[in-house]
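These notes are about the structure you will find just below.
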Amino acid sequence: KVDELVGATPVKNYILFASKFLSLLFLCLCVNVVCIITCIVLQEASGYSHHELSLYFTDLVLLKILSISILAALGMSIQVFFKNRYFAFFFVAFIVLGLPLILRALKYTNDLWIFNSSGHQMLYSDMNGHGHTLPNYFIYKGYWLGLVLVLVTFATAMFQRGREEGFVARFRNVLRNFKPAYGISFVIAMFLFLSCGAIIYYNNRILNPYVSPKEEEKKQANFEIVYKKYGDELQPRVVESNVKVDIFPDRLGCKLQGFYFLKNKHLTAVTKLF
């Protein structure tokens, strides 16, 4: 049995764990590279030759590597914790796929509870690039990276070596032989997790209060109830408009200048303006 021979070798747990993790990460990145090549071939076949390789590399490698690392670290950690590999697999599938579906069915959209979420992001454009929401992406990834680093710390310490397979027995052994390096890793991971979580909470709950879809629907219903009685009121119509807009993406602002004319096209006078 090769696993017993590997377990008896004078190799640190983190090296065994990291080697498997880096191999899995490399495999995922290879898939992304294949996607890039496929996209370029399809563009060439369609007559488009302006290939933005730097954009491909940024989006599908540099930005994706965080999400892939978080997912791979979670999967490997859960596999270490549970003896049954199939149970561990479906447990990870539930966290990644099942839990978001349940929360969406309950109309709960708080990204702090959706694993590996990226927050609200602007779509890439030639004018705005990735926009001002890119730092938000890194804060969310820092939040989830801190959480999985906590799991990785315990998974590395509990990495199975030898015949002992029980979770409780291995966990007790970790508590007895918890090395300072594991403690430092745990503190750093918790600091990253809590600090990024605090920033997200402040931004979503205090600076910009979170409104659930159900609450938003209730506000719209109240709006209709209050203003429905004015639905038949006569209003003037816009007959001419001229607007000049200067957009400044780097300053997240714009300058508007213009005018519009209103005209009463009804046979009776307009008594109220809305």
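Residue numbering restarts at 1 in every chain; chains get A, B, ... in the order shown in the structure tokens, and ligands count up from 1 in that same order.
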May I have the residues within 8 Å of range 179-188 of chain A as an mmCIF file with all heavy atoms, in the first residue's frame, using only C-alpha atoms and disregarding those fewer than 4 positions away in the same chain?
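Below you can see part-v2.cif, which holds the result:
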data_model
loop_
_atom_site.group_PDB
_atom_site.id
_atom_site.type_symbol
_atom_site.label_atom_id
_atom_site.label_comp_id
_atom_site.auth_asym_id
_atom_site.auth_seq_id
_atom_site.Cartn_x
_atom_site.Cartn_y
_atom_site.Cartn_z
ATOM 1 N N GLY A 146 -9.825 33.784 3.213
ATOM 2 C CA GLY A 146 -9.570 33.658 4.640
ATOM 3 C C GLY A 146 -10.287 32.459 5.238
ATOM 4 O O GLY A 146 -9.727 31.720 6.059
ATOM 5 N N LEU A 149 -8.611 29.238 4.103
ATOM 6 C CA LEU A 149 -7.297 29.087 4.740
ATOM 7 C C LEU A 149 -7.433 28.518 6.146
ATOM 8 O O LEU A 149 -6.560 27.764 6.599
ATOM 9 C CB LEU A 149 -6.573 30.428 4.776
ATOM 10 C CG LEU A 149 -5.852 30.847 3.490
ATOM 11 C CD1 LEU A 149 -5.231 32.234 3.652
ATOM 12 C CD2 LEU A 149 -4.786 29.829 3.104
ATOM 13 N N VAL A 150 -8.511 28.862 6.836
ATOM 14 C CA VAL A 150 -8.784 28.256 8.137
ATOM 15 C C VAL A 150 -8.979 26.751 7.969
ATOM 16 O O VAL A 150 -8.415 25.938 8.721
ATOM 17 C CB VAL A 150 -10.028 28.891 8.784
ATOM 18 C CG1 VAL A 150 -10.417 28.134 10.056
ATOM 19 C CG2 VAL A 150 -9.768 30.357 9.115
ATOM 20 N N THR A 153 -5.677 25.048 7.057
ATOM 21 C CA THR A 153 -4.787 24.912 8.211
ATOM 22 C C THR A 153 -5.085 23.636 8.982
ATOM 23 O O THR A 153 -4.180 22.851 9.305
ATOM 24 C CB THR A 153 -4.933 26.132 9.142
ATOM 25 O OG1 THR A 153 -4.572 27.310 8.424
ATOM 26 C CG2 THR A 153 -4.043 25.993 10.360
ATOM 27 N N PHE A 154 -6.370 23.403 9.283
ATOM 28 C CA PHE A 154 -6.744 22.189 10.018
ATOM 29 C C PHE A 154 -6.606 20.956 9.134
ATOM 30 O O PHE A 154 -6.241 19.874 9.626
ATOM 31 C CB PHE A 154 -8.172 22.310 10.541
ATOM 32 C CG PHE A 154 -8.297 23.177 11.758
ATOM 33 C CD1 PHE A 154 -8.687 24.495 11.648
ATOM 34 C CD2 PHE A 154 -7.995 22.675 13.015
ATOM 35 C CE1 PHE A 154 -8.792 25.295 12.764
ATOM 36 C CE2 PHE A 154 -8.094 23.478 14.142
ATOM 37 C CZ PHE A 154 -8.497 24.797 14.021
ATOM 38 N N ALA A 157 -2.981 19.991 9.131
ATOM 39 C CA ALA A 157 -2.613 19.372 10.410
ATOM 40 C C ALA A 157 -3.211 17.983 10.559
ATOM 41 O O ALA A 157 -2.616 17.112 11.205
ATOM 42 C CB ALA A 157 -3.062 20.267 11.564
ATOM 43 N N LEU A 192 -7.866 37.865 7.938
ATOM 44 C CA LEU A 192 -8.289 38.146 6.576
ATOM 45 C C LEU A 192 -9.791 37.948 6.429
ATOM 46 O O LEU A 192 -10.491 38.781 5.824
ATOM 47 C CB LEU A 192 -7.531 37.246 5.599
ATOM 48 C CG LEU A 192 -7.803 37.445 4.107
ATOM 49 C CD1 LEU A 192 -7.397 38.843 3.670
ATOM 50 C CD2 LEU A 192 -7.050 36.396 3.296
#
Residues at most 12 Å from Val34 in chain A, counting only C-alpha atoms, excluding those fewer than 5 positions away in the same chain, as a list in words?
Leu27, Cys28, Leu29, Cys39, Ile40, Val41, Tyr56, Phe57, Leu60 and Val61 of chain A
Selection file, N, CA, C and O atoms, as a tab-separated table (two decimals), in the first residue's frame:
chain	number	residue	atom	x	y	z
A	27	LEU	N	-4.07	21.98	-13.37
A	27	LEU	CA	-4.99	21.31	-14.28
A	27	LEU	C	-6.15	22.24	-14.65
A	27	LEU	O	-6.55	22.32	-15.83
A	28	CYS	N	-6.69	22.95	-13.67
A	28	CYS	CA	-7.80	23.88	-13.94
A	28	CYS	C	-7.35	25.02	-14.84
A	28	CYS	O	-8.09	25.44	-15.75
A	29	LEU	N	-6.15	25.53	-14.61
A	29	LEU	CA	-5.63	26.62	-15.45
A	29	LEU	C	-5.39	26.14	-16.88
A	29	LEU	O	-5.57	26.90	-17.83
A	39	CYS	N	-11.43	30.14	-28.15
A	39	CYS	CA	-12.04	31.44	-28.48
A	39	CYS	C	-11.29	32.13	-29.62
A	39	CYS	O	-11.91	32.71	-30.52
A	40	ILE	N	-9.97	32.07	-29.58
A	40	ILE	CA	-9.17	32.70	-30.64
A	40	ILE	C	-9.42	32.02	-31.98
A	40	ILE	O	-9.56	32.69	-33.02
A	41	VAL	N	-9.51	30.70	-31.98
A	41	VAL	CA	-9.79	29.96	-33.22
A	41	VAL	C	-11.15	30.34	-33.77
A	41	VAL	O	-11.33	30.56	-34.98
A	56	TYR	N	-7.61	38.33	-22.32
A	56	TYR	CA	-7.84	36.90	-22.07
A	56	TYR	C	-7.06	36.45	-20.83
A	56	TYR	O	-7.59	35.76	-19.95
A	57	PHE	N	-5.79	36.84	-20.78
A	57	PHE	CA	-4.94	36.41	-19.68
A	57	PHE	C	-5.43	36.99	-18.35
A	57	PHE	O	-5.45	36.30	-17.33
A	60	LEU	N	-9.25	35.26	-17.66
A	60	LEU	CA	-9.35	33.81	-17.52
A	60	LEU	C	-8.20	33.17	-16.76
A	60	LEU	O	-8.26	31.97	-16.47
A	61	VAL	N	-7.18	33.96	-16.43
A	61	VAL	CA	-6.06	33.40	-15.66
A	61	VAL	C	-5.89	34.17	-14.35
A	61	VAL	O	-6.08	33.61	-13.26
What separation in Å, quoted to one decimal, exists between CA of Thr133 in chain A and CA of Leu103 in chain A?
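About the pair CA of Thr133 in chain A and CA of Leu103 in chain A: they are 23.9 Å apart.
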Fewer than 6 positions away in the same chain doesn't count, so skip those; otherwise give me all residues within 12 Å of Gly253 in chain A, counting only C-alpha atoms, as a PDB file with all heavy atoms, in the first residue's frame.
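Final file, around20.pdb:
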ATOM      1  N   ASN A 128     -14.820  51.549 -19.921  1.00  0.00           N
ATOM      2  CA  ASN A 128     -14.636  51.495 -18.470  1.00  0.00           C
ATOM      3  C   ASN A 128     -13.629  50.448 -18.018  1.00  0.00           C
ATOM      4  O   ASN A 128     -13.257  50.428 -16.845  1.00  0.00           O
ATOM      5  CB  ASN A 128     -15.976  51.206 -17.778  1.00  0.00           C
ATOM      6  CG  ASN A 128     -16.976  52.320 -17.964  1.00  0.00           C
ATOM      7  OD1 ASN A 128     -16.615  53.486 -17.899  1.00  0.00           O
ATOM      8  ND2 ASN A 128     -18.220  51.974 -18.210  1.00  0.00           N
ATOM      9  N   HIS A 132     -14.926  50.453 -11.622  1.00  0.00           N
ATOM     10  CA  HIS A 132     -14.536  50.749 -10.241  1.00  0.00           C
ATOM     11  C   HIS A 132     -14.893  49.630  -9.271  1.00  0.00           C
ATOM     12  O   HIS A 132     -14.612  49.735  -8.076  1.00  0.00           O
ATOM     13  CB  HIS A 132     -15.237  52.040  -9.786  1.00  0.00           C
ATOM     14  CG  HIS A 132     -16.732  51.916  -9.714  1.00  0.00           C
ATOM     15  ND1 HIS A 132     -17.536  51.906 -10.827  1.00  0.00           N
ATOM     16  CD2 HIS A 132     -17.564  51.770  -8.649  1.00  0.00           C
ATOM     17  CE1 HIS A 132     -18.795  51.766 -10.466  1.00  0.00           C
ATOM     18  NE2 HIS A 132     -18.847  51.679  -9.153  1.00  0.00           N
ATOM     19  N   VAL A 245     -24.125  65.268 -23.174  1.00  0.00           N
ATOM     20  CA  VAL A 245     -23.594  64.515 -22.033  1.00  0.00           C
ATOM     21  C   VAL A 245     -22.109  64.241 -22.254  1.00  0.00           C
ATOM     22  O   VAL A 245     -21.723  63.685 -23.280  1.00  0.00           O
ATOM     23  CB  VAL A 245     -24.340  63.174 -21.837  1.00  0.00           C
ATOM     24  CG1 VAL A 245     -23.796  62.445 -20.623  1.00  0.00           C
ATOM     25  CG2 VAL A 245     -25.838  63.413 -21.689  1.00  0.00           C
ATOM     26  N   ASP A 246     -21.290  64.648 -21.293  1.00  0.00           N
ATOM     27  CA  ASP A 246     -19.862  64.317 -21.285  1.00  0.00           C
ATOM     28  C   ASP A 246     -19.613  63.318 -20.168  1.00  0.00           C
ATOM     29  O   ASP A 246     -19.878  63.613 -18.990  1.00  0.00           O
ATOM     30  CB  ASP A 246     -19.020  65.579 -21.060  1.00  0.00           C
ATOM     31  CG  ASP A 246     -19.178  66.586 -22.194  1.00  0.00           C
ATOM     32  OD1 ASP A 246     -19.199  66.138 -23.358  1.00  0.00           O
ATOM     33  OD2 ASP A 246     -19.285  67.795 -21.919  1.00  0.00           O
ATOM     34  N   ILE A 247     -19.123  62.131 -20.513  1.00  0.00           N
ATOM     35  CA  ILE A 247     -18.913  61.054 -19.540  1.00  0.00           C
ATOM     36  C   ILE A 247     -17.437  60.988 -19.171  1.00  0.00           C
ATOM     37  O   ILE A 247     -16.565  61.013 -20.045  1.00  0.00           O
ATOM     38  CB  ILE A 247     -19.396  59.703 -20.105  1.00  0.00           C
ATOM     39  CG1 ILE A 247     -20.883  59.787 -20.472  1.00  0.00           C
ATOM     40  CG2 ILE A 247     -19.173  58.588 -19.085  1.00  0.00           C
ATOM     41  CD1 ILE A 247     -21.417  58.540 -21.141  1.00  0.00           C
TER      42      ILE A 247
END
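Using only C-alpha atoms, the contacts of Tyr14 in chain A at a cut-off of 10 Å, with sequence neighbours closer than 5 positions omitted, comprise Ser19, Lys20, Val152, Thr153, Ala155, Thr156, Ala157 and Phe159 of chain A.
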Save the residues we just selected, C-alpha atoms, as a CSV table (one decimal), in the first residue's frame?
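That gives us again37.csv:
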chain,number,residue,atom,x,y,z
A,19,SER,CA,1.7,19.3,-4.1
A,20,LYS,CA,-1.8,17.9,-4.6
A,152,VAL,CA,-6.7,24.3,5.0
A,153,THR,CA,-4.8,24.9,8.2
A,155,ALA,CA,-6.7,20.0,6.9
A,156,THR,CA,-3.0,20.2,6.7
A,157,ALA,CA,-2.6,19.4,10.4
A,159,PHE,CA,-3.6,15.1,6.8
Env of Asn110 in chain A: 12 Å cut, atoms = only C-alpha atoms, seq-sep filter 4 positions within chain, self excluded. Answer as a ChimeraX atom specification.
/A:100,103-104,106,114-115,117-120,200-201,204-205,209-213
May I have the selected residues written with N, CA and C atoms, as a PDB file, in the first residue's frame?
ATOM      1  N   PRO A 100     -26.671  27.868  -2.762  1.00  0.00           N
ATOM      2  CA  PRO A 100     -27.136  29.059  -3.488  1.00  0.00           C
ATOM      3  C   PRO A 100     -28.543  28.903  -4.064  1.00  0.00           C
ATOM      4  N   LEU A 103     -30.991  29.380  -1.149  1.00  0.00           N
ATOM      5  CA  LEU A 103     -31.075  30.794  -0.768  1.00  0.00           C
ATOM      6  C   LEU A 103     -31.824  31.602  -1.825  1.00  0.00           C
ATOM      7  N   ARG A 104     -31.606  31.256  -3.102  1.00  0.00           N
ATOM      8  CA  ARG A 104     -32.311  31.962  -4.167  1.00  0.00           C
ATOM      9  C   ARG A 104     -33.808  31.655  -4.120  1.00  0.00           C
ATOM     10  N   LEU A 106     -35.449  31.042  -1.459  1.00  0.00           N
ATOM     11  CA  LEU A 106     -35.952  31.801  -0.311  1.00  0.00           C
ATOM     12  C   LEU A 106     -35.847  33.308  -0.535  1.00  0.00           C
ATOM     13  N   ILE A 114     -23.157  33.138   0.097  1.00  0.00           N
ATOM     14  CA  ILE A 114     -23.025  32.371  -1.154  1.00  0.00           C
ATOM     15  C   ILE A 114     -21.547  32.110  -1.391  1.00  0.00           C
ATOM     16  N   PHE A 115     -21.149  30.857  -1.283  1.00  0.00           N
ATOM     17  CA  PHE A 115     -19.726  30.507  -1.319  1.00  0.00           C
ATOM     18  C   PHE A 115     -19.066  30.969  -2.609  1.00  0.00           C
ATOM     19  N   SER A 117     -18.576  33.845  -3.773  1.00  0.00           N
ATOM     20  CA  SER A 117     -19.233  34.940  -4.489  1.00  0.00           C
ATOM     21  C   SER A 117     -18.217  36.046  -4.793  1.00  0.00           C
ATOM     22  N   SER A 118     -18.560  36.868  -5.774  1.00  0.00           N
ATOM     23  CA  SER A 118     -17.645  37.926  -6.213  1.00  0.00           C
ATOM     24  C   SER A 118     -18.205  39.324  -6.016  1.00  0.00           C
ATOM     25  N   GLY A 119     -19.382  39.423  -5.405  1.00  0.00           N
ATOM     26  CA  GLY A 119     -19.979  40.733  -5.230  1.00  0.00           C
ATOM     27  C   GLY A 119     -20.535  41.276  -6.533  1.00  0.00           C
ATOM     28  N   HIS A 120     -20.956  42.527  -6.504  1.00  0.00           N
ATOM     29  CA  HIS A 120     -21.509  43.165  -7.698  1.00  0.00           C
ATOM     30  C   HIS A 120     -20.371  43.692  -8.564  1.00  0.00           C
ATOM     31  N   ILE A 200     -17.249  44.221   3.889  1.00  0.00           N
ATOM     32  CA  ILE A 200     -18.430  43.885   3.086  1.00  0.00           C
ATOM     33  C   ILE A 200     -19.705  44.204   3.862  1.00  0.00           C
ATOM     34  N   TYR A 201     -19.726  43.864   5.147  1.00  0.00           N
ATOM     35  CA  TYR A 201     -20.916  44.122   5.973  1.00  0.00           C
ATOM     36  C   TYR A 201     -21.176  45.622   6.079  1.00  0.00           C
ATOM     37  N   ASN A 204     -22.544  46.849   2.687  1.00  0.00           N
ATOM     38  CA  ASN A 204     -23.852  46.340   2.283  1.00  0.00           C
ATOM     39  C   ASN A 204     -24.961  46.590   3.293  1.00  0.00           C
ATOM     40  N   ARG A 205     -24.609  46.788   4.548  1.00  0.00           N
ATOM     41  CA  ARG A 205     -25.625  46.923   5.584  1.00  0.00           C
ATOM     42  C   ARG A 205     -25.723  48.320   6.182  1.00  0.00           C
ATOM     43  N   PRO A 209     -27.641  50.192   2.770  1.00  0.00           N
ATOM     44  CA  PRO A 209     -28.483  49.180   3.427  1.00  0.00           C
ATOM     45  C   PRO A 209     -28.985  48.120   2.463  1.00  0.00           C
ATOM     46  N   TYR A 210     -28.867  46.872   2.880  1.00  0.00           N
ATOM     47  CA  TYR A 210     -29.292  45.744   2.055  1.00  0.00           C
ATOM     48  C   TYR A 210     -30.816  45.669   2.012  1.00  0.00           C
ATOM     49  N   VAL A 211     -31.354  45.531   0.815  1.00  0.00           N
ATOM     50  CA  VAL A 211     -32.798  45.391   0.620  1.00  0.00           C
ATOM     51  C   VAL A 211     -33.038  44.090  -0.132  1.00  0.00           C
ATOM     52  N   SER A 212     -33.771  43.191   0.479  1.00  0.00           N
ATOM     53  CA  SER A 212     -34.041  41.904  -0.147  1.00  0.00           C
ATOM     54  C   SER A 212     -35.041  42.083  -1.285  1.00  0.00           C
ATOM     55  N   PRO A 213     -35.086  41.136  -2.230  1.00  0.00           N
ATOM     56  CA  PRO A 213     -36.072  41.234  -3.315  1.00  0.00           C
ATOM     57  C   PRO A 213     -37.503  41.332  -2.817  1.00  0.00           C
TER      58      PRO A 213
END
